[in-house]
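Below is the file coords.txt, which contains compact mmCIF, C-alpha atoms and all ligand atoms.
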```txt
# COMPACT_ATOMS: atom_id res chain seq x y z
CA MET A 1 -24.73 102.27 -58.49
CA PRO A 2 -27.82 101.05 -56.56
CA VAL A 3 -27.16 98.89 -53.52
CA ASN A 4 -29.23 95.75 -53.31
CA LEU A 5 -30.47 95.26 -49.76
CA ARG A 6 -30.14 91.53 -49.84
CA THR A 7 -26.94 90.81 -51.78
CA GLY A 8 -25.13 94.11 -51.56
CA VAL A 9 -22.50 95.46 -53.93
CA GLU A 10 -18.94 94.20 -54.05
CA GLY A 11 -15.99 96.53 -54.25
CA VAL A 12 -12.24 96.61 -53.77
CA LEU A 13 -10.21 98.77 -51.38
CA GLU A 14 -6.57 99.64 -51.84
CA GLY A 15 -4.76 98.70 -48.66
CA GLU A 16 -1.17 99.41 -47.64
CA THR A 17 -0.02 95.95 -48.60
CA SER A 18 -2.96 94.35 -50.37
CA ARG A 19 -6.21 94.87 -52.22
CA ILE A 20 -9.20 94.03 -50.06
CA GLY A 21 -12.54 92.75 -51.32
CA ILE A 22 -15.46 94.40 -49.55
CA THR A 23 -19.26 94.23 -49.63
CA PHE A 24 -21.57 97.22 -49.24
CA ARG A 25 -25.07 96.69 -47.87
CA LYS A 26 -27.91 99.05 -47.18
CA ASN A 27 -29.73 98.98 -43.88
CA PRO A 28 -32.45 101.61 -43.43
CA ARG A 29 -32.36 101.02 -39.68
CA ALA A 30 -28.64 101.80 -39.39
CA ARG A 31 -27.82 105.26 -38.04
CA ARG A 32 -24.30 105.52 -39.35
CA TYR A 33 -21.78 103.79 -41.60
CA ILE A 34 -20.53 100.57 -39.99
CA LEU A 35 -17.48 98.55 -41.05
CA ARG A 36 -17.16 94.97 -39.84
CA ILE A 37 -15.73 91.59 -40.78
CA ASN A 38 -18.28 88.80 -41.09
CA ALA A 39 -17.89 85.16 -40.04
CA THR A 40 -16.22 84.15 -43.30
CA GLY A 41 -13.69 86.99 -43.10
CA MET A 42 -15.46 89.29 -45.60
CA PRO A 43 -15.34 93.01 -44.74
CA THR A 44 -18.77 94.60 -44.99
CA VAL A 45 -19.87 98.23 -44.87
CA THR A 46 -23.41 98.98 -43.79
CA ILE A 47 -24.89 102.04 -45.44
CA PRO A 48 -27.44 103.89 -43.27
CA ARG A 49 -30.67 105.48 -44.47
CA GLY A 50 -29.76 108.52 -46.51
CA GLY A 51 -26.22 107.25 -47.05
CA SER A 52 -24.65 106.62 -50.43
CA LEU A 53 -22.30 104.15 -52.00
CA PRO A 54 -19.56 106.75 -52.79
CA GLU A 55 -19.69 107.96 -49.18
CA ALA A 56 -19.54 104.37 -47.95
CA GLY A 57 -16.50 103.77 -50.18
CA LYS A 58 -14.73 106.81 -48.76
CA PHE A 59 -15.63 105.76 -45.21
CA ALA A 60 -14.16 102.27 -45.78
CA GLN A 61 -11.03 103.68 -47.41
CA ARG A 62 -10.43 105.94 -44.42
CA HIS A 63 -10.39 102.86 -42.16
CA VAL A 64 -8.35 100.66 -44.45
CA ALA A 65 -5.32 100.39 -42.13
CA TRP A 66 -7.55 99.28 -39.25
CA LEU A 67 -9.26 96.82 -41.59
CA GLU A 68 -5.97 95.33 -42.78
CA ALA A 69 -4.81 94.77 -39.22
CA ARG A 70 -8.12 93.14 -38.30
CA LEU A 71 -8.04 90.88 -41.36
CA LYS A 72 -4.51 89.78 -40.52
CA LYS A 73 -5.64 88.83 -37.00
CA PHE A 74 -8.70 87.07 -38.39
CA LYS A 75 -6.53 84.95 -40.70
CA GLU A 76 -4.11 84.09 -37.90
CA ARG A 77 -6.98 83.05 -35.62
CA THR A 78 -8.55 80.92 -38.36
CA ALA A 79 -5.21 79.26 -39.10
CA THR A 80 -4.70 78.51 -35.40
CA GLN A 81 -8.17 76.95 -35.11
CA VAL A 82 -7.55 74.81 -38.19
CA ASP A 83 -4.02 73.81 -37.18
CA GLU A 84 -5.25 72.56 -33.80
CA GLN A 85 -7.37 69.90 -35.53
CA LYS A 86 -6.48 66.36 -36.53
CA VAL A 87 -7.99 63.84 -38.89
CA LEU A 88 -7.73 60.08 -38.54
CA PHE A 89 -5.99 58.72 -41.62
CA LYS A 90 -4.79 55.11 -41.97
CA GLY A 91 -5.05 54.65 -38.24
CA GLU A 92 -3.04 57.75 -37.28
CA PRO A 93 -4.30 61.15 -36.13
CA VAL A 94 -2.81 63.48 -38.76
CA ALA A 95 -2.54 67.23 -38.08
CA LEU A 96 -4.26 69.74 -40.34
CA ILE A 97 -1.89 72.43 -41.55
CA THR A 98 -2.97 75.74 -43.08
CA VAL A 99 -1.00 76.15 -46.30
CA SER A 100 -2.76 79.29 -47.57
CA ASP A 101 -6.09 81.14 -47.27
CA THR A 102 -7.73 78.44 -49.33
CA ARG A 103 -5.61 75.29 -48.88
CA VAL A 104 -5.27 73.00 -45.88
CA ALA A 105 -2.94 69.99 -45.90
CA PHE A 106 -2.99 66.72 -43.98
CA GLY A 107 -0.03 64.43 -44.60
CA ALA A 108 0.67 64.46 -48.35
CA HIS A 109 -2.89 65.55 -49.21
CA THR A 110 -4.57 68.93 -49.46
CA ILE A 111 -8.14 70.19 -49.49
CA SER A 112 -9.63 73.45 -50.76
CA VAL A 113 -11.43 75.51 -48.17
CA ALA A 114 -13.34 78.76 -48.10
CA PRO A 115 -11.33 81.53 -46.40
CA GLY A 116 -12.17 81.83 -42.73
CA ARG A 117 -13.72 78.39 -42.51
CA THR A 118 -12.67 76.34 -39.49
CA ASP A 119 -15.16 73.46 -39.62
CA LEU A 120 -13.59 71.34 -42.37
CA ARG A 121 -15.49 68.09 -41.79
CA ALA A 122 -17.44 68.22 -45.06
CA GLN A 123 -14.31 68.93 -47.11
CA LEU A 124 -12.33 66.23 -45.31
CA LYS A 125 -15.09 63.69 -45.85
CA GLU A 126 -15.26 64.46 -49.56
CA LYS A 127 -11.49 64.15 -49.93
CA LEU A 128 -11.22 60.94 -47.90
CA TRP A 129 -14.13 59.38 -49.79
CA ARG A 130 -12.38 60.20 -53.07
CA LEU A 131 -9.12 58.64 -51.82
CA ALA A 132 -11.03 55.58 -50.64
CA LYS A 133 -12.63 55.17 -54.08
CA MET A 134 -9.17 55.11 -55.62
CA GLU A 135 -7.57 52.84 -53.07
CA LEU A 136 -10.13 50.29 -51.87
CA PRO A 137 -11.30 48.57 -55.09
CA PRO A 138 -7.73 47.63 -56.22
CA ARG A 139 -7.06 46.28 -52.72
CA VAL A 140 -10.19 44.11 -52.94
CA ALA A 141 -8.98 42.78 -56.30
CA GLU A 142 -5.57 41.94 -54.82
CA LEU A 143 -6.95 40.14 -51.79
CA ALA A 144 -9.60 38.34 -53.85
CA ALA A 145 -6.88 37.05 -56.19
CA GLU A 146 -4.82 35.93 -53.18
CA HIS A 147 -7.70 33.76 -52.02
CA GLY A 148 -8.79 32.58 -55.46
CA LEU A 149 -12.10 34.46 -55.32
CA SER A 150 -13.79 36.72 -57.84
CA VAL A 151 -15.90 39.80 -57.20
CA ASN A 152 -18.30 41.36 -59.68
CA ARG A 153 -18.39 44.87 -58.31
CA VAL A 154 -16.93 46.95 -55.53
CA SER A 155 -18.66 50.12 -54.39
CA VAL A 156 -17.37 52.58 -51.82
CA ARG A 157 -20.24 54.05 -49.83
CA ASP A 158 -21.12 56.37 -47.01
CA GLN A 159 -22.52 54.22 -44.23
CA ARG A 160 -22.85 55.07 -40.58
CA SER A 161 -23.53 51.61 -39.20
CA ARG A 162 -21.42 49.13 -41.09
CA TRP A 163 -17.92 48.75 -42.47
CA GLY A 164 -18.84 46.61 -45.43
CA SER A 165 -21.24 44.11 -46.93
CA CYS A 166 -21.31 41.38 -49.53
CA SER A 167 -24.24 40.33 -51.71
CA VAL A 168 -25.13 37.02 -53.38
CA ARG A 169 -24.36 38.73 -56.67
CA LYS A 170 -20.73 38.88 -55.56
CA GLN A 171 -20.93 42.62 -55.04
CA ILE A 172 -18.94 44.03 -52.18
CA SER A 173 -19.61 47.43 -50.75
CA LEU A 174 -17.18 49.09 -48.41
CA ASN A 175 -17.42 52.09 -46.14
CA TRP A 176 -15.15 54.94 -47.32
CA ARG A 177 -14.04 55.28 -43.68
CA LEU A 178 -11.83 52.24 -44.23
CA ILE A 179 -9.32 54.83 -45.48
CA GLN A 180 -9.21 56.08 -41.88
CA VAL A 181 -8.44 52.79 -40.17
CA PRO A 182 -5.06 50.99 -39.96
CA ASP A 183 -4.20 48.91 -43.06
CA LEU A 184 -4.52 45.76 -40.95
CA VAL A 185 -8.15 46.59 -40.11
CA ARG A 186 -8.95 47.61 -43.69
CA ASP A 187 -7.60 44.28 -44.97
CA TYR A 188 -9.51 42.39 -42.30
CA ILE A 189 -12.83 43.94 -43.36
CA ILE A 190 -12.12 43.18 -47.00
CA VAL A 191 -11.16 39.58 -46.26
CA HIS A 192 -14.23 39.23 -44.02
CA GLU A 193 -16.50 40.34 -46.88
CA LEU A 194 -14.64 38.11 -49.35
CA MET A 195 -15.20 35.09 -47.11
CA HIS A 196 -18.94 35.78 -47.36
CA LEU A 197 -18.54 34.66 -50.97
CA ARG A 198 -17.99 31.21 -49.44
CA GLU A 199 -20.49 31.49 -46.57
CA MET A 200 -23.30 34.05 -46.69
CA ASN A 201 -23.74 34.04 -42.91
CA HIS A 202 -21.81 34.33 -39.64
CA SER A 203 -21.79 30.60 -38.85
CA SER A 204 -18.82 28.89 -37.23
CA ARG A 205 -17.91 27.63 -40.70
CA PHE A 206 -17.70 31.23 -41.90
CA TRP A 207 -15.50 32.30 -38.96
CA LYS A 208 -13.20 29.33 -39.63
CA TRP A 209 -12.64 30.65 -43.16
CA VAL A 210 -12.02 34.14 -41.82
CA HIS A 211 -9.48 33.08 -39.16
CA GLU A 212 -7.69 30.87 -41.65
CA ALA A 213 -7.51 33.62 -44.27
CA PHE A 214 -6.74 36.36 -41.75
CA PRO A 215 -4.98 35.13 -38.60
CA ARG A 216 -4.88 38.63 -37.06
CA THR A 217 -8.69 38.77 -36.99
CA PRO A 218 -8.89 39.13 -33.16
CA GLU A 219 -6.56 42.13 -33.23
CA ALA A 220 -8.57 43.80 -36.01
CA GLU A 221 -11.88 43.07 -34.27
CA ARG A 222 -10.49 44.59 -31.08
CA TRP A 223 -9.47 47.79 -32.90
CA LEU A 224 -12.96 48.09 -34.39
CA LYS A 225 -14.59 47.64 -31.01
CA VAL A 226 -12.40 50.26 -29.33
CA ASN A 227 -12.73 52.70 -32.25
CA ALA A 228 -16.40 52.21 -33.13
CA LEU A 229 -16.89 55.98 -32.94
CA VAL A 230 -14.86 56.45 -36.13
CA LEU A 231 -18.13 55.67 -37.92
CA ARG A 232 -19.68 58.79 -36.42
CA GLN A 233 -16.85 61.29 -36.66
CA LEU A 234 -17.11 62.53 -40.24
ZN ZN B 1 -20.01 39.55 -42.08
```

Would you mind writing the file out in structure tokens?
Amino acid sequence: MPVNLRTGVEGVLEGETSRIGITFRKNPRARRYILRINATGMPTVTIPRGGSLPEAGKFAQRHVAWLEARLKKFKERTATQVDEQKVLFKGEPVALITVSDTRVAFGAHTISVAPGRTDLRAQLKEKLWRLAKMELPPRVAELAAEHGLSVNRVSVRDQRSRWGSCSVRKQISLNWRLIQVPDLVRDYIIVHELMHLREMNHSSRFWKWVHEAFPRTPEAERWLKVNALVLRQL
């Protein structure tokens, strides 16, 4: 079997307790067979000039016990790095917990991750955005009904600089990060945008509507001020 320099050839080793996926790569500059584990936890054998795939396979198999021990350590280290992280969810820092090589949980939710990956921001963002899309529009409908208002459309978007907006076409857009803030703050932002259906500005008349509809406005505004960095975290 020819070994492609760029992509390599994948194989499987029989370990003491598991089967181990491995990649073989040719490197004409290498002087000997080299076995290592890359950043994603994939074992790789480098085949030197004049080396062969069968020889590389035998070489890897000879070191399979060493490899298994190293992989076990790699997984433990990855799990530790993941389990030291937290994600802000509904106003609380929630711990990430490694469930398996490919699943990480936070609270009642889980995300899929590539083995060995410790930077989970992209996966967390995707998951939280999805949760926000499920949760925020029904909440807007509830609060709109409470205040006798109607909304044409609610979109849940990825914005770095604002929590929400409201258009003259009665379309409200909300930042998915509202899934990260306390319920009180989420409701405040929604009510704030709803009140723009009555006043499309930040005049004193507008703020009167807001304070009437949402008496805990100062508390919510304070939280947003103190936690403005939430907009930049994920
Ligand atoms: Zn406003």

Neighbour list for stretch 133-150 of chain A as a PyMOL selection string, cut-off 10 Å, all atoms listed in the file, skip fewer than 4 positions in-chain: chain A and resi 127-129+154-157+170-176+178-179+186-187+189-191+193-195+197-198+213

Write out as a PDB file with C-alpha atoms, in the coordinates of the input the residues lying within 7 Å of A:Pro48, counting all atoms listed in the file and excluding same-chain residues fewer than 2 positions away.
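Everything below was put into result_4.pdb:
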```pdb
ATOM      1  CA  LYS A  26     -27.910  99.050 -47.180  1.00  0.00           C
ATOM      2  CA  ASN A  27     -29.730  98.980 -43.880  1.00  0.00           C
ATOM      3  CA  PRO A  28     -32.450 101.610 -43.430  1.00  0.00           C
ATOM      4  CA  ARG A  29     -32.360 101.020 -39.680  1.00  0.00           C
ATOM      5  CA  ALA A  30     -28.640 101.800 -39.390  1.00  0.00           C
ATOM      6  CA  ARG A  31     -27.820 105.260 -38.040  1.00  0.00           C
ATOM      7  CA  ARG A  32     -24.300 105.520 -39.350  1.00  0.00           C
ATOM      8  CA  TYR A  33     -21.780 103.790 -41.600  1.00  0.00           C
ATOM      9  CA  THR A  46     -23.410  98.980 -43.790  1.00  0.00           C
ATOM     10  CA  GLY A  50     -29.760 108.520 -46.510  1.00  0.00           C
ATOM     11  CA  GLY A  51     -26.220 107.250 -47.050  1.00  0.00           C
TER      12      GLY A  51
END
```

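Atom CA of A:Trp163 is found 19.2 Å from atom CA of A:Pro215.
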
Would you list the residues that come within 9 Å of ligand ZN 1 (chain B)? Count all atoms listed in the file and give the answer as a PyMOL selection string. chain A and resi 164-166+189+192-193+195-196+200-202+206

Find, counting only C-alpha atoms, the residue in A:Arg103, A:Arg216, A:Arg70, A:Lys58 that gets nearest to A:Val185.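 Among A:Arg103, A:Arg216, A:Arg70, A:Lys58, it is A:Arg216 that comes nearest to A:Val185.
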